[in-house]
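Notes follow once the structure below has been shown.
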Amino acid sequence: MSIKLNKHLLMKNNLELILNTMIPGDSEMPCFTKAVKVETIIKKIKKGKFLFYLKTKEINLNEKRNWENCVKILGNDILETYFTSNSVIRALQSRKKILLGNIKKENMIKLLKKVKYKKKIFRK
Amino acid sequence: MKREKTDILIIGTGASGAASAWNLSKLNLKITCLEQGPFIDKKKYSFNNVNRETNKFKDFNIDPNQRRFNSDYPINTANSAISIANYNAVGGSTLIYSGHYPRFHPSDFNTKKIDNVGSNWLFNYYDLEKYYNLNDKMVGVSGLTGDPAYPKINNLLPPLDIGYSGNLLAKAFNALGWHWWPSYSAVKKSKKFKKGIRPTAVEIYLNKAVKNGVVIKPNSRVLKIKISSKNIANGVIYLNQNNKKIFLEASIILLAASGIGTPRILFNSSNKKFPNGLANTSGQLGKNLMLHPLGYVEGHFNKFLATNEGAEGCALYSHEFYETNKKRGFKRGYTIQLLKSPGPIESFHYLKKFNKIKFGKFFLKDFFNYFGRTIPLAIICEDLPDKNNYVELDHKNKDSNGMPGIKVNYKLSKNTKKMLSHGIKQCKKLFKKAGAKNTVAFGPVRNTGWHLVGTAKMGTSKKNSVVNKFGQCHDVSNLFIVDSSIFPSSSGVNIASTVQAVSLMISDYIKKNLTKLINK
């Protein structure tokens, strides 16, 4: 394997680790890399020093400085791409269906009966 | 300087300019609209654009000082409790409005007579009703007839769903015996588009006006209105999209640049005869700025209520506290509006501001504790006119063409502070009744200066007002103001519906008096 390829793989692995640690996912919601391709994020931060750094060594996210740096650099971009990805939109919809399953809505017109026959409250 | 000619010139293509453009387009005259902003593709500002939420932080940011586009002008709000929100493009701020479309109350036109505050309008609700109805028809307003807070409003499209949060709050309103009603909304239900279709001034009026022959010139900024020795406006100097100065001659000029943009143009048009601003013999130009101070109360619930979905601006509202009640300790009143909670990205930023969310292990847990479980209520306070709240030219901050920006000087009155505090207390009471686990409240919210009212008020005399009841400048008889700057009072509701109804009324007056006006 060429050195260039090795570096690219290291960078990709590092980035995957960072992204999935930042947004880990749960039983209903996908983790970041299941929702968005890593390449999308690479494209977004292409010109920064950050990617170069990720090519040099395995990142240790337990180090406070490393973690804070990742949040600062990636925060806004990953938020935007995660919540506008199709799989997350779908997951949010199915989560909504499950959570609203037991809640019943009353008919609006029925609810309005109490208001409708209230004395007119506007003044001329 | 190159010269052009038109019969009627309209400055600004937002809610008011568009309505007049359409109404006048039926005449066999040459009508030109100048708009300092660009023409923007409908898909970009649609409710259903997948990037709508992120765009709010970028191209469609409501704050012109953050956008800083060439089409924007600086608005200095360092001396104001509320910052200004607007949008400069063909269609104006309707490109980013929520589409909440209530009418003013009959009492809003008579605040002086009824409550001894502010000033009366020179016409009343019933004079304007015909234009409200016409505008509702053009817009396609959704709502429900029978609201006890208003005279009867007919011909509405089916109301929008009030959602799970609306349902929950409606029960709480009923339990307290308070008024509520599903909102009037310029949003049509649609099977194809989940969030409904919200027309802007472009789709409601401008497209139709263009079909009738109206010419719209985007990226064209008016520098100055020129008048003759007989105090007749004879045209404007504007910069076209290639930054070339052009003199556009016109027989009638309509100003429709909002409560901030209109006084700015008039101040910038000062001359020897009118050294303090064109049409400003009264000295009232720029004064009496009213902004609808907004209080915010948020109720947190244990159960998920999909509060992030539903009507964009307002699902339901209450006018229980709209009219004056001596016991409350303040004059006039406010609307309580049920809003939808922010989308995921805005929710994250909001939580982050209060240090309630971090990336990492608990990201989704923290996120879902808030998202869809929080009901926001807005308290829209009626602002009273005050000569100490005013706008003036800001010579230190200039736009991309070197024209002075505008400075806003605005303080909250004691009356408004009491109103806000009362509103917050009542909303908390409502949330308690609805079973909220806790509430968060604050006000006034700073970046909510949407409704810019009162800076060129109407009145009977040029001693105390800028325009007459038909928006006609006392000083310059062929110069009309058709936007919200002429309103003598602000009401406690969103103004779009009244802005357009008034604009239609004024343009009808122009149509009826055309010969007289053109021959001056």
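All residue names refer to the structure tokens as shown: chains lettered A, B, ... in order, residues numbered from 1 in each chain, ligands numbered from 1 in order.
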Using only C-alpha atoms, select each residue of chain A with any atom at most 8 Å away from an atom of chain B, and give the selection as an MDAnalysis selection string. chainID A and resid 21:26 71 79:80 83:84 96 99:100 105:106 108 111:112 114:124
Once you have the residues from the selection above, write them out as a short mmCIF file (atom, residue, chain, number, x, y, z; two decimals), in the first residue's frame, restricted to N, CA and C atoms.
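Okay, again-v8.cif is ready:
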```cif
data_model
loop_
_atom_site.label_atom_id
_atom_site.label_comp_id
_atom_site.auth_asym_id
_atom_site.auth_seq_id
_atom_site.Cartn_x
_atom_site.Cartn_y
_atom_site.Cartn_z
N THR A 21 -18.06 9.74 17.56
CA THR A 21 -18.00 10.06 18.99
C THR A 21 -18.80 11.34 19.26
N MET A 22 -18.75 12.23 18.31
CA MET A 22 -19.53 13.47 18.49
C MET A 22 -21.03 13.19 18.40
N ILE A 23 -21.44 12.43 17.39
CA ILE A 23 -22.86 12.05 17.27
C ILE A 23 -22.91 10.52 17.19
N PRO A 24 -23.10 9.88 18.35
CA PRO A 24 -22.95 8.42 18.40
C PRO A 24 -24.15 7.61 17.91
N GLY A 25 -25.33 8.19 17.85
CA GLY A 25 -26.50 7.42 17.45
C GLY A 25 -27.07 6.61 18.60
N ASP A 26 -28.32 6.15 18.43
CA ASP A 26 -28.94 5.29 19.45
C ASP A 26 -29.82 4.27 18.75
N VAL A 71 -14.53 19.71 18.08
CA VAL A 71 -15.86 20.31 18.21
C VAL A 71 -15.88 21.68 17.54
N LEU A 79 -23.45 19.21 12.16
CA LEU A 79 -24.83 19.42 12.59
C LEU A 79 -25.74 19.57 11.38
N GLU A 80 -25.28 20.42 10.49
CA GLU A 80 -26.05 20.74 9.29
C GLU A 80 -26.22 19.51 8.40
N PHE A 83 -28.48 16.62 10.22
CA PHE A 83 -29.92 16.82 10.32
C PHE A 83 -30.61 17.08 8.98
N THR A 84 -29.84 17.28 7.93
CA THR A 84 -30.49 17.41 6.61
C THR A 84 -30.31 16.14 5.77
N LYS A 96 -41.11 9.94 15.51
CA LYS A 96 -42.31 10.73 15.80
C LYS A 96 -43.55 9.84 15.82
N LEU A 99 -43.63 7.76 19.00
CA LEU A 99 -43.89 8.55 20.21
C LEU A 99 -45.30 9.13 20.26
N LEU A 100 -45.85 9.39 19.08
CA LEU A 100 -47.19 10.00 19.08
C LEU A 100 -48.29 8.94 19.03
N LYS A 105 -55.59 13.23 19.73
CA LYS A 105 -55.94 14.65 19.58
C LYS A 105 -57.46 14.77 19.61
N GLU A 106 -57.95 15.81 20.27
CA GLU A 106 -59.39 16.04 20.24
C GLU A 106 -59.72 16.88 19.01
N MET A 108 -60.71 19.78 16.78
CA MET A 108 -60.56 21.21 17.04
C MET A 108 -61.92 21.93 17.15
N LEU A 111 -63.38 21.41 20.42
CA LEU A 111 -62.69 22.22 21.44
C LEU A 111 -63.11 23.69 21.36
N LEU A 112 -63.44 24.11 20.15
CA LEU A 112 -63.76 25.54 19.96
C LEU A 112 -65.17 25.92 20.42
N LYS A 114 -66.51 25.90 23.20
CA LYS A 114 -66.47 26.70 24.42
C LYS A 114 -66.14 28.16 24.11
N VAL A 115 -65.36 28.37 23.06
CA VAL A 115 -64.93 29.73 22.71
C VAL A 115 -65.99 30.41 21.84
N LYS A 116 -66.56 29.63 20.95
CA LYS A 116 -67.45 30.18 19.93
C LYS A 116 -68.64 30.92 20.53
N TYR A 117 -69.14 30.44 21.61
CA TYR A 117 -70.33 31.07 22.19
C TYR A 117 -69.98 32.06 23.29
N LYS A 118 -68.68 32.34 23.39
CA LYS A 118 -68.24 33.36 24.33
C LYS A 118 -68.73 34.73 23.83
N LYS A 119 -68.91 35.63 24.78
CA LYS A 119 -69.33 36.98 24.40
C LYS A 119 -68.28 37.61 23.47
N LYS A 120 -68.74 38.36 22.49
CA LYS A 120 -67.79 39.04 21.60
C LYS A 120 -66.82 39.87 22.42
N ILE A 121 -65.53 39.77 22.12
CA ILE A 121 -64.58 40.49 22.98
C ILE A 121 -63.94 41.69 22.29
N PHE A 122 -64.34 41.96 21.04
CA PHE A 122 -63.72 43.13 20.39
C PHE A 122 -64.57 44.38 20.62
N ARG A 123 -63.92 45.51 20.63
CA ARG A 123 -64.63 46.79 20.80
C ARG A 123 -64.58 47.56 19.49
N LYS A 124 -65.63 48.32 19.25
CA LYS A 124 -65.68 49.09 18.00
C LYS A 124 -65.06 50.46 18.20
#
```
Mind checking which residues fall within 9 Å of stretch 483-487 of chain B, counting only C-alpha atoms, ignoring those fewer than 3 positions away in the same chain, and posting them as an NGL selection string? :B and (15-17 or 121 or 255-260 or 262-263 or 286 or 289 or 451-459 or 466-469 or 471 or 490 or 495-496 or 498-500 or 502-503)
Leaving out B:Lys433 and any residue of its chain fewer than 3 positions from it, which residues lie within 8 Å of it when counting only C-alpha atoms, given as a short mmCIF file (atom, residue, chain, number, x, y, z; two decimals) with N, CA and C atoms, in the first residue's frame?
```cif
data_model
loop_
_atom_site.label_atom_id
_atom_site.label_comp_id
_atom_site.auth_asym_id
_atom_site.auth_seq_id
_atom_site.Cartn_x
_atom_site.Cartn_y
_atom_site.Cartn_z
N ALA B 172 -56.14 23.83 27.76
CA ALA B 172 -55.75 24.69 28.90
C ALA B 172 -56.45 26.06 28.80
N ALA B 175 -59.93 25.54 29.89
CA ALA B 175 -60.02 25.35 31.34
C ALA B 175 -59.94 26.70 32.07
N LEU B 176 -59.17 27.62 31.51
CA LEU B 176 -59.05 28.94 32.15
C LEU B 176 -60.16 29.90 31.70
N LYS B 429 -49.04 30.79 33.63
CA LYS B 429 -50.27 30.24 34.20
C LYS B 429 -50.89 29.22 33.25
N LEU B 430 -50.88 29.57 31.96
CA LEU B 430 -51.43 28.69 30.94
C LEU B 430 -50.65 27.38 30.87
N ALA B 436 -47.15 21.61 32.02
CA ALA B 436 -45.70 21.72 31.71
C ALA B 436 -44.88 21.42 32.96
#
```
As an NGL selection string, please: every residue in chain A that a backbone DSSP assignment puts in helix (DSSP H, G or I). :A and (3-22 or 32-35 or 38-44 or 49-54 or 64-83 or 86-100 or 108-116)
Secondary structure check, strand (DSSP E or B) residues of stretch 66-165 of chain B, as number ranges by chain: B: 75-80, 84, 100, 142, 157
Env of B:Lys511: 10 Å cut, atoms = only C-alpha atoms, seq-sep filter 5 positions within chain, self excluded. Answer as a PyMOL selection string. chain B and resi 23-24+26-27+505-506+517
Can I get the selection written as a PDB file, in the first residue's frame, with C-alpha atoms?
```
ATOM      1  CA  ASN B  23     -54.002  47.206  -8.292  1.00  0.00           C
ATOM      2  CA  LEU B  24     -52.673  49.954 -10.552  1.00  0.00           C
ATOM      3  CA  LYS B  26     -55.131  47.363 -14.580  1.00  0.00           C
ATOM      4  CA  LEU B  27     -54.759  50.971 -15.785  1.00  0.00           C
ATOM      5  CA  MET B 505     -57.104  51.327  -0.521  1.00  0.00           C
ATOM      6  CA  ILE B 506     -54.571  54.043  -1.361  1.00  0.00           C
ATOM      7  CA  LEU B 517     -53.056  63.775 -10.007  1.00  0.00           C
TER       8      LEU B 517
END
```
Selection near stretch 326-338 of chain B, 9 Å with only C-alpha atoms, sequence-local residues under 4 positions removed, as number ranges by chain: B: 108, 111, 115-117, 165-166, 169, 180, 183, 313-322, 375-384, 414-416, 418-420, 422-423, 427, 491-493
Who sits within 10 Å of A:Val38, only C-alpha atoms, same chain under 3 positions skipped, as a ChimeraX atom specification: /A:12-13,15-16,19,32-35,41-43
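The interatomic distance for the pair atom CA of B:Asn120 and atom CA of B:Gly14 works out to 25.7 Å.
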Do a neighbour search on B:Cys33 at 9 Å with only C-alpha atoms, toss out local chain neighbours closer than 2 positions, and write the hits as a CSV table (one decimal) with C-alpha atoms, in the first residue's frame.
```
chain,number,residue,atom,x,y,z
B,8,ILE,CA,-46.3,55.7,-12.1
B,9,LEU,CA,-43.2,54.8,-10.1
B,10,ILE,CA,-43.3,52.4,-7.1
B,11,ILE,CA,-40.3,52.3,-4.8
B,12,GLY,CA,-40.1,48.9,-3.1
B,13,THR,CA,-41.7,45.6,-4.1
B,17,GLY,CA,-45.5,47.9,-3.1
B,18,ALA,CA,-46.6,44.7,-4.7
B,21,ALA,CA,-48.4,47.5,-8.3
B,31,ILE,CA,-45.8,51.5,-14.2
B,35,GLU,CA,-36.3,47.4,-6.0
B,214,VAL,CA,-45.7,46.4,-14.9
B,215,VAL,CA,-41.9,46.6,-15.2
B,216,ILE,CA,-39.8,45.5,-12.2
B,217,LYS,CA,-36.2,46.7,-12.0
B,218,PRO,CA,-34.3,44.7,-9.4
```
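Atom CA of B:Asp386 lies 28.2 Å from atom CA of B:Lys272.
Taking atom CA of B:Lys113 as the reference point, atom CA of B:Ser413 is found at 20.5 Å.
Proximity of B:Leu95, B:Ile424, B:Met403, B:Val141 to B:Lys43, computed with only C-alpha atoms, is greatest for B:Leu95.
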Of B:Thr281, B:Thr32, B:Thr94, B:Asn207, the one sitting nearest B:Glu4 when using only C-alpha atoms is B:Thr32
